[in-house]
Structures are given as C-alpha cells and as structure tokens.
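Raw model34.cif, mmCIF, N, CA and C atoms and all ligand atoms:
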data_my_file
#
loop_
_atom_site.label_atom_id
_atom_site.label_comp_id
_atom_site.auth_asym_id
_atom_site.auth_seq_id
_atom_site.Cartn_x
_atom_site.Cartn_y
_atom_site.Cartn_z
N MET A 1 10.19 -8.27 19.35
CA MET A 1 8.79 -8.67 19.18
C MET A 1 8.41 -8.77 17.69
N THR A 2 9.01 -7.89 16.87
CA THR A 2 8.73 -7.97 15.44
C THR A 2 9.66 -8.97 14.76
N GLY A 3 10.69 -9.46 15.51
CA GLY A 3 11.68 -10.35 14.92
C GLY A 3 12.50 -9.62 13.87
N PHE A 4 12.74 -8.36 14.13
CA PHE A 4 13.32 -7.50 13.11
C PHE A 4 14.31 -6.54 13.76
N ALA A 5 15.54 -6.49 13.24
CA ALA A 5 16.56 -5.62 13.86
C ALA A 5 16.33 -4.16 13.51
N GLU A 6 16.49 -3.29 14.48
CA GLU A 6 16.35 -1.84 14.28
C GLU A 6 17.28 -1.38 13.16
N GLY A 7 16.77 -0.60 12.23
CA GLY A 7 17.61 -0.08 11.16
C GLY A 7 17.64 -0.97 9.93
N GLU A 8 17.17 -2.21 10.07
CA GLU A 8 17.14 -3.12 8.93
C GLU A 8 16.04 -2.67 7.96
N ASN A 9 16.29 -2.81 6.66
CA ASN A 9 15.28 -2.39 5.69
C ASN A 9 14.10 -3.36 5.67
N VAL A 10 12.91 -2.81 5.72
CA VAL A 10 11.71 -3.65 5.58
C VAL A 10 11.43 -3.74 4.08
N THR A 11 11.41 -4.95 3.55
CA THR A 11 11.15 -5.11 2.13
C THR A 11 9.75 -5.67 1.90
N LEU A 12 9.25 -5.44 0.69
CA LEU A 12 7.94 -6.01 0.34
C LEU A 12 8.01 -7.54 0.40
N ASP A 13 9.17 -8.09 0.05
CA ASP A 13 9.34 -9.55 0.09
C ASP A 13 9.20 -10.09 1.51
N LEU A 14 9.78 -9.35 2.48
CA LEU A 14 9.68 -9.78 3.87
C LEU A 14 8.21 -9.76 4.33
N LEU A 15 7.50 -8.67 4.00
CA LEU A 15 6.09 -8.56 4.38
C LEU A 15 5.27 -9.66 3.71
N LYS A 16 5.59 -9.93 2.44
CA LYS A 16 4.88 -10.99 1.70
C LYS A 16 5.05 -12.34 2.41
N LYS A 17 6.28 -12.62 2.82
CA LYS A 17 6.55 -13.90 3.49
C LYS A 17 5.85 -13.95 4.85
N LYS A 18 5.91 -12.84 5.59
CA LYS A 18 5.26 -12.82 6.92
C LYS A 18 3.75 -13.07 6.79
N MET A 19 3.12 -12.46 5.77
CA MET A 19 1.68 -12.66 5.57
C MET A 19 1.38 -14.09 5.14
N ALA A 20 2.23 -14.65 4.29
CA ALA A 20 2.03 -16.04 3.83
C ALA A 20 2.16 -17.00 5.02
N ASP A 21 3.15 -16.77 5.87
CA ASP A 21 3.34 -17.63 7.06
C ASP A 21 2.16 -17.49 8.02
N PHE A 22 1.72 -16.23 8.21
CA PHE A 22 0.60 -15.94 9.13
C PHE A 22 -0.66 -16.71 8.69
N ALA A 23 -0.94 -16.68 7.40
CA ALA A 23 -2.13 -17.36 6.88
C ALA A 23 -1.97 -18.88 6.98
N LYS A 24 -0.79 -19.36 6.64
CA LYS A 24 -0.56 -20.81 6.63
C LYS A 24 -0.69 -21.39 8.03
N GLU A 25 -0.06 -20.72 9.00
CA GLU A 25 -0.09 -21.21 10.39
C GLU A 25 -1.51 -21.33 10.94
N ARG A 26 -2.42 -20.52 10.43
CA ARG A 26 -3.81 -20.52 10.92
C ARG A 26 -4.77 -21.26 10.00
N ASP A 27 -4.20 -21.84 8.93
CA ASP A 27 -5.02 -22.50 7.91
C ASP A 27 -6.03 -21.50 7.30
N TRP A 28 -5.55 -20.29 7.07
CA TRP A 28 -6.40 -19.22 6.54
C TRP A 28 -6.19 -18.98 5.05
N ASP A 29 -5.37 -19.82 4.42
CA ASP A 29 -5.19 -19.65 2.96
C ASP A 29 -6.54 -19.76 2.24
N GLN A 30 -7.41 -20.63 2.80
CA GLN A 30 -8.74 -20.84 2.19
C GLN A 30 -9.56 -19.53 2.15
N PHE A 31 -9.28 -18.61 3.10
CA PHE A 31 -10.04 -17.34 3.14
C PHE A 31 -9.35 -16.23 2.35
N HIS A 32 -8.07 -16.40 2.10
CA HIS A 32 -7.31 -15.33 1.43
C HIS A 32 -7.43 -15.45 -0.10
N SER A 33 -8.66 -15.32 -0.57
CA SER A 33 -8.92 -15.32 -2.02
C SER A 33 -8.78 -13.88 -2.50
N PRO A 34 -8.60 -13.68 -3.81
CA PRO A 34 -8.46 -12.30 -4.32
C PRO A 34 -9.61 -11.40 -3.90
N ARG A 35 -10.83 -11.88 -4.05
CA ARG A 35 -11.99 -11.03 -3.73
C ARG A 35 -12.05 -10.72 -2.24
N ASN A 36 -11.85 -11.74 -1.39
CA ASN A 36 -11.88 -11.49 0.07
C ASN A 36 -10.81 -10.50 0.48
N LEU A 37 -9.64 -10.65 -0.09
CA LEU A 37 -8.54 -9.75 0.27
C LEU A 37 -8.81 -8.33 -0.20
N LEU A 38 -9.40 -8.21 -1.38
CA LEU A 38 -9.74 -6.86 -1.87
C LEU A 38 -10.75 -6.19 -0.94
N LEU A 39 -11.78 -6.96 -0.52
CA LEU A 39 -12.79 -6.39 0.39
C LEU A 39 -12.17 -6.02 1.74
N ALA A 40 -11.28 -6.88 2.22
CA ALA A 40 -10.59 -6.58 3.49
C ALA A 40 -9.75 -5.31 3.34
N LEU A 41 -9.09 -5.18 2.20
CA LEU A 41 -8.27 -3.99 1.93
C LEU A 41 -9.13 -2.72 1.94
N VAL A 42 -10.25 -2.79 1.25
CA VAL A 42 -11.15 -1.61 1.18
C VAL A 42 -11.68 -1.28 2.59
N GLY A 43 -11.99 -2.33 3.36
CA GLY A 43 -12.46 -2.11 4.74
C GLY A 43 -11.41 -1.37 5.56
N GLU A 44 -10.17 -1.76 5.39
CA GLU A 44 -9.09 -1.11 6.15
C GLU A 44 -8.86 0.33 5.67
N VAL A 45 -9.06 0.59 4.38
CA VAL A 45 -8.97 1.97 3.88
C VAL A 45 -10.05 2.81 4.55
N GLY A 46 -11.23 2.20 4.77
CA GLY A 46 -12.32 2.89 5.48
C GLY A 46 -11.91 3.22 6.91
N GLU A 47 -11.28 2.25 7.60
CA GLU A 47 -10.83 2.50 8.98
C GLU A 47 -9.77 3.60 9.01
N LEU A 48 -8.91 3.60 8.01
CA LEU A 48 -7.89 4.65 7.90
C LEU A 48 -8.55 6.02 7.71
N SER A 49 -9.57 6.05 6.86
CA SER A 49 -10.28 7.31 6.60
C SER A 49 -10.95 7.85 7.85
N GLU A 50 -11.47 6.93 8.67
CA GLU A 50 -12.17 7.36 9.90
C GLU A 50 -11.27 8.19 10.80
N ILE A 51 -9.99 7.89 10.77
CA ILE A 51 -9.05 8.62 11.65
C ILE A 51 -9.01 10.11 11.28
N PHE A 52 -9.19 10.38 9.99
CA PHE A 52 -9.11 11.77 9.51
C PHE A 52 -10.49 12.44 9.39
N GLN A 53 -11.52 11.58 9.53
CA GLN A 53 -12.87 12.07 9.31
C GLN A 53 -13.22 13.21 10.28
N TRP A 54 -13.80 14.26 9.78
CA TRP A 54 -14.32 15.41 10.54
C TRP A 54 -13.22 16.26 11.18
N LYS A 55 -11.99 15.95 10.92
CA LYS A 55 -10.90 16.71 11.54
C LYS A 55 -10.59 18.00 10.77
N GLY A 56 -11.07 18.11 9.54
CA GLY A 56 -10.63 19.22 8.69
C GLY A 56 -9.21 18.91 8.22
N GLU A 57 -8.59 19.86 7.52
CA GLU A 57 -7.22 19.62 7.04
C GLU A 57 -6.27 19.59 8.24
N VAL A 58 -5.29 18.68 8.17
CA VAL A 58 -4.32 18.60 9.28
C VAL A 58 -2.92 18.90 8.74
N PRO A 59 -2.08 19.58 9.54
CA PRO A 59 -0.75 19.92 9.03
C PRO A 59 0.14 18.70 8.83
N LYS A 60 1.05 18.80 7.87
CA LYS A 60 1.98 17.70 7.60
C LYS A 60 2.78 17.36 8.86
N GLY A 61 3.03 16.07 9.06
CA GLY A 61 3.78 15.64 10.23
C GLY A 61 2.89 15.47 11.46
N LEU A 62 1.64 15.90 11.36
CA LEU A 62 0.64 15.75 12.43
C LEU A 62 1.18 16.20 13.79
N PRO A 63 1.72 17.42 13.87
CA PRO A 63 2.39 17.87 15.10
C PRO A 63 1.49 17.91 16.34
N ASP A 64 0.18 18.07 16.15
CA ASP A 64 -0.72 18.20 17.32
C ASP A 64 -1.33 16.87 17.76
N TRP A 65 -0.97 15.81 17.08
CA TRP A 65 -1.60 14.53 17.41
C TRP A 65 -0.91 13.88 18.61
N LYS A 66 -1.71 13.19 19.44
CA LYS A 66 -1.14 12.44 20.58
C LYS A 66 -0.40 11.22 20.05
N GLU A 67 0.50 10.73 20.88
CA GLU A 67 1.31 9.57 20.48
C GLU A 67 0.42 8.37 20.15
N GLU A 68 -0.63 8.16 20.95
CA GLU A 68 -1.50 6.99 20.70
C GLU A 68 -2.30 7.15 19.41
N GLU A 69 -2.60 8.41 19.03
CA GLU A 69 -3.31 8.64 17.77
C GLU A 69 -2.39 8.28 16.59
N LYS A 70 -1.13 8.64 16.73
CA LYS A 70 -0.17 8.32 15.65
C LYS A 70 0.07 6.82 15.57
N GLU A 71 0.06 6.18 16.74
CA GLU A 71 0.25 4.73 16.77
C GLU A 71 -0.94 4.04 16.06
N HIS A 72 -2.13 4.53 16.36
CA HIS A 72 -3.33 3.99 15.71
C HIS A 72 -3.25 4.19 14.20
N LEU A 73 -2.81 5.39 13.79
CA LEU A 73 -2.64 5.67 12.35
C LEU A 73 -1.67 4.66 11.72
N GLY A 74 -0.58 4.40 12.42
CA GLY A 74 0.42 3.43 11.91
C GLY A 74 -0.20 2.05 11.74
N GLU A 75 -1.07 1.68 12.67
CA GLU A 75 -1.72 0.36 12.59
C GLU A 75 -2.64 0.26 11.37
N GLU A 76 -3.41 1.32 11.14
CA GLU A 76 -4.34 1.26 10.00
C GLU A 76 -3.60 1.34 8.67
N LEU A 77 -2.55 2.16 8.61
CA LEU A 77 -1.72 2.20 7.40
C LEU A 77 -1.12 0.82 7.14
N SER A 78 -0.70 0.16 8.21
CA SER A 78 -0.08 -1.16 8.07
C SER A 78 -1.09 -2.19 7.58
N ASP A 79 -2.31 -2.14 8.10
CA ASP A 79 -3.34 -3.08 7.64
C ASP A 79 -3.56 -2.93 6.13
N VAL A 80 -3.60 -1.68 5.66
CA VAL A 80 -3.78 -1.44 4.22
C VAL A 80 -2.60 -2.03 3.44
N LEU A 81 -1.41 -1.74 3.91
CA LEU A 81 -0.21 -2.23 3.21
C LEU A 81 -0.18 -3.76 3.20
N LEU A 82 -0.46 -4.36 4.36
CA LEU A 82 -0.35 -5.82 4.46
C LEU A 82 -1.37 -6.52 3.56
N TYR A 83 -2.61 -6.01 3.53
CA TYR A 83 -3.59 -6.63 2.63
C TYR A 83 -3.23 -6.39 1.17
N LEU A 84 -2.67 -5.23 0.87
CA LEU A 84 -2.25 -4.95 -0.52
C LEU A 84 -1.13 -5.91 -0.95
N VAL A 85 -0.17 -6.10 -0.06
CA VAL A 85 0.94 -7.02 -0.35
C VAL A 85 0.41 -8.44 -0.55
N ARG A 86 -0.51 -8.84 0.33
CA ARG A 86 -1.06 -10.20 0.26
C ARG A 86 -1.90 -10.38 -1.01
N LEU A 87 -2.70 -9.37 -1.32
CA LEU A 87 -3.54 -9.43 -2.54
C LEU A 87 -2.65 -9.57 -3.78
N SER A 88 -1.60 -8.80 -3.83
CA SER A 88 -0.69 -8.85 -4.97
C SER A 88 -0.07 -10.24 -5.09
N ASP A 89 0.35 -10.78 -3.95
CA ASP A 89 0.97 -12.11 -3.93
C ASP A 89 -0.01 -13.16 -4.44
N ILE A 90 -1.22 -13.12 -3.90
CA ILE A 90 -2.23 -14.13 -4.27
C ILE A 90 -2.60 -14.00 -5.75
N CYS A 91 -2.51 -12.79 -6.29
CA CYS A 91 -2.82 -12.58 -7.72
C CYS A 91 -1.60 -12.84 -8.62
N GLY A 92 -0.46 -13.17 -8.01
CA GLY A 92 0.74 -13.45 -8.81
C GLY A 92 1.36 -12.20 -9.41
N VAL A 93 1.15 -11.06 -8.76
CA VAL A 93 1.75 -9.81 -9.23
C VAL A 93 2.95 -9.47 -8.35
N ASP A 94 4.10 -9.21 -8.99
CA ASP A 94 5.28 -8.74 -8.25
C ASP A 94 5.08 -7.24 -8.00
N LEU A 95 4.62 -6.92 -6.78
CA LEU A 95 4.20 -5.55 -6.48
C LEU A 95 5.34 -4.55 -6.60
N GLY A 96 6.52 -4.91 -6.09
CA GLY A 96 7.66 -3.99 -6.16
C GLY A 96 8.01 -3.66 -7.61
N LYS A 97 8.07 -4.70 -8.43
CA LYS A 97 8.41 -4.52 -9.84
C LYS A 97 7.32 -3.69 -10.55
N ALA A 98 6.06 -4.02 -10.26
CA ALA A 98 4.94 -3.32 -10.90
C ALA A 98 4.93 -1.84 -10.50
N ALA A 99 5.25 -1.57 -9.22
CA ALA A 99 5.23 -0.18 -8.73
C ALA A 99 6.36 0.64 -9.37
N LEU A 100 7.53 0.02 -9.48
CA LEU A 100 8.65 0.74 -10.11
C LEU A 100 8.33 1.06 -11.56
N ARG A 101 7.74 0.09 -12.25
CA ARG A 101 7.36 0.30 -13.65
C ARG A 101 6.33 1.43 -13.74
N LYS A 102 5.40 1.48 -12.78
CA LYS A 102 4.36 2.52 -12.80
C LYS A 102 4.98 3.91 -12.56
N VAL A 103 5.98 3.96 -11.69
CA VAL A 103 6.67 5.24 -11.45
C VAL A 103 7.29 5.75 -12.75
N GLU A 104 7.87 4.81 -13.50
CA GLU A 104 8.49 5.19 -14.78
C GLU A 104 7.43 5.66 -15.77
N LEU A 105 6.31 4.97 -15.81
CA LEU A 105 5.22 5.38 -16.71
C LEU A 105 4.69 6.76 -16.32
N ASN A 106 4.60 7.00 -15.01
CA ASN A 106 4.14 8.31 -14.53
C ASN A 106 5.08 9.42 -15.00
N ALA A 107 6.38 9.12 -14.98
CA ALA A 107 7.38 10.12 -15.37
C ALA A 107 7.27 10.45 -16.86
N ILE A 108 6.88 9.46 -17.63
CA ILE A 108 6.69 9.69 -19.07
C ILE A 108 5.42 10.52 -19.30
N LYS A 109 4.41 10.17 -18.55
CA LYS A 109 3.11 10.85 -18.70
C LYS A 109 3.17 12.30 -18.21
N TYR A 110 3.96 12.54 -17.16
CA TYR A 110 4.07 13.88 -16.59
C TYR A 110 5.52 14.34 -16.60
N PRO A 111 6.03 14.79 -17.76
CA PRO A 111 7.45 15.18 -17.86
C PRO A 111 7.76 16.35 -16.92
N VAL A 112 9.01 16.38 -16.43
CA VAL A 112 9.43 17.41 -15.48
C VAL A 112 9.30 18.80 -16.07
N SER A 113 9.52 18.93 -17.36
CA SER A 113 9.52 20.24 -17.99
C SER A 113 8.15 20.92 -17.94
N GLN A 114 7.11 20.12 -17.78
CA GLN A 114 5.76 20.70 -17.75
C GLN A 114 5.50 21.41 -16.44
N LYS A 115 4.90 22.59 -16.53
CA LYS A 115 4.51 23.30 -15.31
C LYS A 115 3.33 22.57 -14.68
N GLN A 116 3.19 22.70 -13.35
CA GLN A 116 2.12 22.02 -12.63
C GLN A 116 0.76 22.34 -13.25
N SER A 117 0.55 23.62 -13.63
CA SER A 117 -0.75 24.02 -14.16
C SER A 117 -1.06 23.31 -15.48
N GLU A 118 0.02 22.95 -16.22
CA GLU A 118 -0.19 22.29 -17.50
C GLU A 118 -0.49 20.81 -17.33
N THR A 119 0.10 20.19 -16.27
CA THR A 119 -0.06 18.74 -16.13
C THR A 119 -1.50 18.36 -15.85
N THR A 120 -2.30 19.31 -15.35
CA THR A 120 -3.69 18.97 -15.06
C THR A 120 -4.51 18.85 -16.35
N THR A 121 -4.01 19.50 -17.41
CA THR A 121 -4.79 19.46 -18.64
C THR A 121 -4.05 18.70 -19.75
N THR A 122 -2.74 18.65 -19.67
CA THR A 122 -1.95 18.04 -20.73
C THR A 122 -1.18 16.84 -20.20
N THR A 123 -1.36 15.69 -20.80
CA THR A 123 -0.56 14.54 -20.41
C THR A 123 0.06 13.94 -21.66
N THR A 124 1.18 13.26 -21.47
CA THR A 124 1.85 12.62 -22.59
C THR A 124 1.62 11.12 -22.50
N THR A 125 1.21 10.53 -23.58
CA THR A 125 0.98 9.09 -23.56
C THR A 125 2.28 8.38 -23.90
N ALA A 126 2.63 7.37 -23.11
CA ALA A 126 3.85 6.61 -23.37
C ALA A 126 3.71 5.86 -24.69
N THR A 127 4.78 5.87 -25.50
CA THR A 127 4.73 5.13 -26.74
C THR A 127 4.90 3.64 -26.44
N ASN A 128 4.54 2.81 -27.39
CA ASN A 128 4.71 1.37 -27.19
C ASN A 128 6.16 1.02 -26.96
N GLU A 129 7.08 1.77 -27.64
CA GLU A 129 8.52 1.52 -27.48
C GLU A 129 8.94 1.82 -26.04
N GLU A 130 8.44 2.95 -25.51
CA GLU A 130 8.81 3.32 -24.14
C GLU A 130 8.29 2.29 -23.14
N ILE A 131 7.07 1.82 -23.34
CA ILE A 131 6.50 0.82 -22.44
C ILE A 131 7.30 -0.48 -22.56
N ALA A 132 7.68 -0.85 -23.77
CA ALA A 132 8.44 -2.09 -23.98
C ALA A 132 9.79 -2.02 -23.26
N GLN A 133 10.41 -0.82 -23.24
CA GLN A 133 11.70 -0.67 -22.58
C GLN A 133 11.60 -0.89 -21.07
N LEU A 134 10.41 -0.62 -20.52
CA LEU A 134 10.23 -0.77 -19.07
C LEU A 134 10.12 -2.25 -18.67
N GLY A 135 9.89 -3.11 -19.65
CA GLY A 135 9.80 -4.53 -19.37
C GLY A 135 8.45 -4.97 -18.88
N1 LIG B 1 -8.52 -13.22 7.77
C1 LIG B 1 -7.58 -12.37 8.19
C2 LIG B 1 -7.82 -11.52 9.27
C3 LIG B 1 -6.83 -10.65 9.68
N2 LIG B 1 -5.65 -10.60 9.00
C4 LIG B 1 -4.60 -9.67 9.39
C5 LIG B 1 -4.26 -8.64 8.33
C6 LIG B 1 -4.49 -7.30 8.98
O1 LIG B 1 -3.22 -6.67 9.22
C7 LIG B 1 -5.18 -7.59 10.29
C8 LIG B 1 -6.63 -7.24 10.29
O2 LIG B 1 -7.20 -7.69 11.48
P1 LIG B 1 -8.70 -7.31 11.92
O3 LIG B 1 -9.66 -7.80 10.89
O4 LIG B 1 -8.87 -7.78 13.32
O5 LIG B 1 -8.73 -5.73 11.80
P2 LIG B 1 -8.16 -4.63 12.78
O6 LIG B 1 -6.80 -5.03 13.29
O7 LIG B 1 -8.26 -3.33 12.04
O8 LIG B 1 -9.14 -4.66 14.03
P3 LIG B 1 -10.47 -3.80 14.23
O9 LIG B 1 -11.26 -3.91 12.96
O10 LIG B 1 -11.13 -4.48 15.40
O11 LIG B 1 -10.01 -2.41 14.50
O12 LIG B 1 -4.98 -8.97 10.55
C9 LIG B 1 -5.44 -11.47 7.94
O13 LIG B 1 -4.36 -11.44 7.35
N3 LIG B 1 -6.42 -12.32 7.55
#
Can you turn what I pasted into structure tokens?
Amino acid sequence: MTGFAEGENVTLDLLKKKMADFAKERDWDQFHSPRNLLLALVGEVGELSEIFQWKGEVPKGLPDWKEEEKEHLGEELSDVLLYLVRLSDICGVDLGKAALRKVELNAIKYPVSQKQSETTTTTTTATNEEIAQLG
C-alpha cells in the first residue's frame, strides 16, 4: 500500500518525490507556496500537541498508550515531517544536507567535554573557519 518494501530505508529524497508527485497529480502546486506550507506545518504541529495536551508527563516509549493512539501519533508526526520536507523543497533547501551541517554546528557549540550544567550557561561560537569547513 505504501509502495515500499519492508526494511528499505526511507530517505528524505523519497518523501520529497512522493510529496511532489502528490501535489502534481492533484494540480496542487499552485497551493504549495512557502507561506501556505509553513502555515500547514504549524497547524499540524498543533494537532500533534493536542495528542499530549492535558496528559501530564508520559513515560518514554508510551507503554500505556493504546495501539490506535500510537497510530494517530504516527500520523501527526508524519504530517509534520511531510510538510517540512515539502517546505524545504519548495524553498530550494537541501534539508538532509542542512540538517547534517546543523548537527556539526551544534557539536561545535556544545563540546562533549562540557558538563550538562555548563552548557546551559556557556556556549562556544563556531569560528568562520569551522563553518567554512562544513561547506
Ligand atoms: N493541500 C494539501 C493538503 C493535504 N496535504 C497532505 C499533507 C499532509 O500529510 C496531509 C494533511 O491532510 P489534512 O489537511 O486533511 O490533515 P489531516 O490528515 O491532519 O486531517 P485532519 O485535520 O482532518 O485530522 O495531506 C498536502 O500535501 N497538501
């Protein structure tokens, strides 16, 4: 049903293509503008938040949740991801590349040697050379 073999890696490129095809087949490219997609993304983040609203803190892995609740959670997480992928594509941003670069910048800003208590008050700014090396 997903047209996808079990165990196959889901890539951002695959999701990008699926969203592009979905919009094209419905002649919805006209609606998939950066601003519309951003608003749709924020709306889906709201729907995702509703699932956790008023529940208090929940344990990792959500052991007490019913199967249908977890399925619903998966759907809302997916809506957020799909709109994010589509927004990035429409803006001409290579999301995978940008995210990897951001992970590297985060590592520079928050070196491993720093204790957790220190990272909240002390951060290291990446030098221009370090940023240039990331491409
Ligand atoms: N113009 C649109 C409308 C929908 N979608 C796709 C992306 C999302 O994955 C999903 C969102 O669909 P809905 O707006 O119907 O939202 P929900 O699936 O969350 O339904 P509901 O809001 O009724 O819970 O469909 C899209 O790409 N472009």
Can you list, as a PyMOL selection string, every protein, DNA or RNA residue that comes within 8 Å of segment 42-48 of chain A when you count all atoms listed in the file, leaving out same-chain residues fewer than 6 positions away? chain A and resi 36+72-73+75-77+79-81+83-84
Quick one: distance from atom N of Leu37 of chain A to atom C8 of ligand LIG 1 (chain B) in Å, one decimal? 11.3 Å
All helix (DSSP H, G or I) positions in segment 37-127 of chain A, as a PyMOL selection string: chain A and resi 37-52+67-90+95-109+116-119
Which one is closest to Asp21 of chain A: A:Val103, A:Thr125, A:Cys91, A:Arg86? Count only C-alpha atoms. A:Arg86
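Take the candidates A:Lys55, A:Asp94, A:Asp29, A:Asp64 and check each one against Asp13 of chain A using only C-alpha atoms; the shortest distance goes to A:Asp94.
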Would you compute an axis-aligned box for segment 26-29 of chain A, covering every atom listed for it in the file with 6 Å of margin on each side, and report centre and edge lengths in Å to one decimal as JSON?
{"center_x": -4.5, "center_y": -20.7, "center_z": 6.6, "size_x": 16.1, "size_y": 15.5, "size_z": 20.7}
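We find atom CA of Thr127 of chain A and atom N of Val93 of chain A to be spaced 24.5 Å apart.
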Ligand LIG 1 (chain B) proximity check over A:Leu82, A:Ile51, A:Leu39, A:Ile131, using all atoms listed in the file: winner is A:Leu82
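Remark: for ligand LIG 1 (chain B), the closest of the candidate residues A:Val10, A:Ala98, A:Ala5, A:Met19 is A:Met19 (distances computed over only C-alpha atoms and all ligand atoms).
Coordinates place atom CA of Ala40 of chain A at a distance of 8.2 Å from atom C5 of ligand LIG 1 (chain B).
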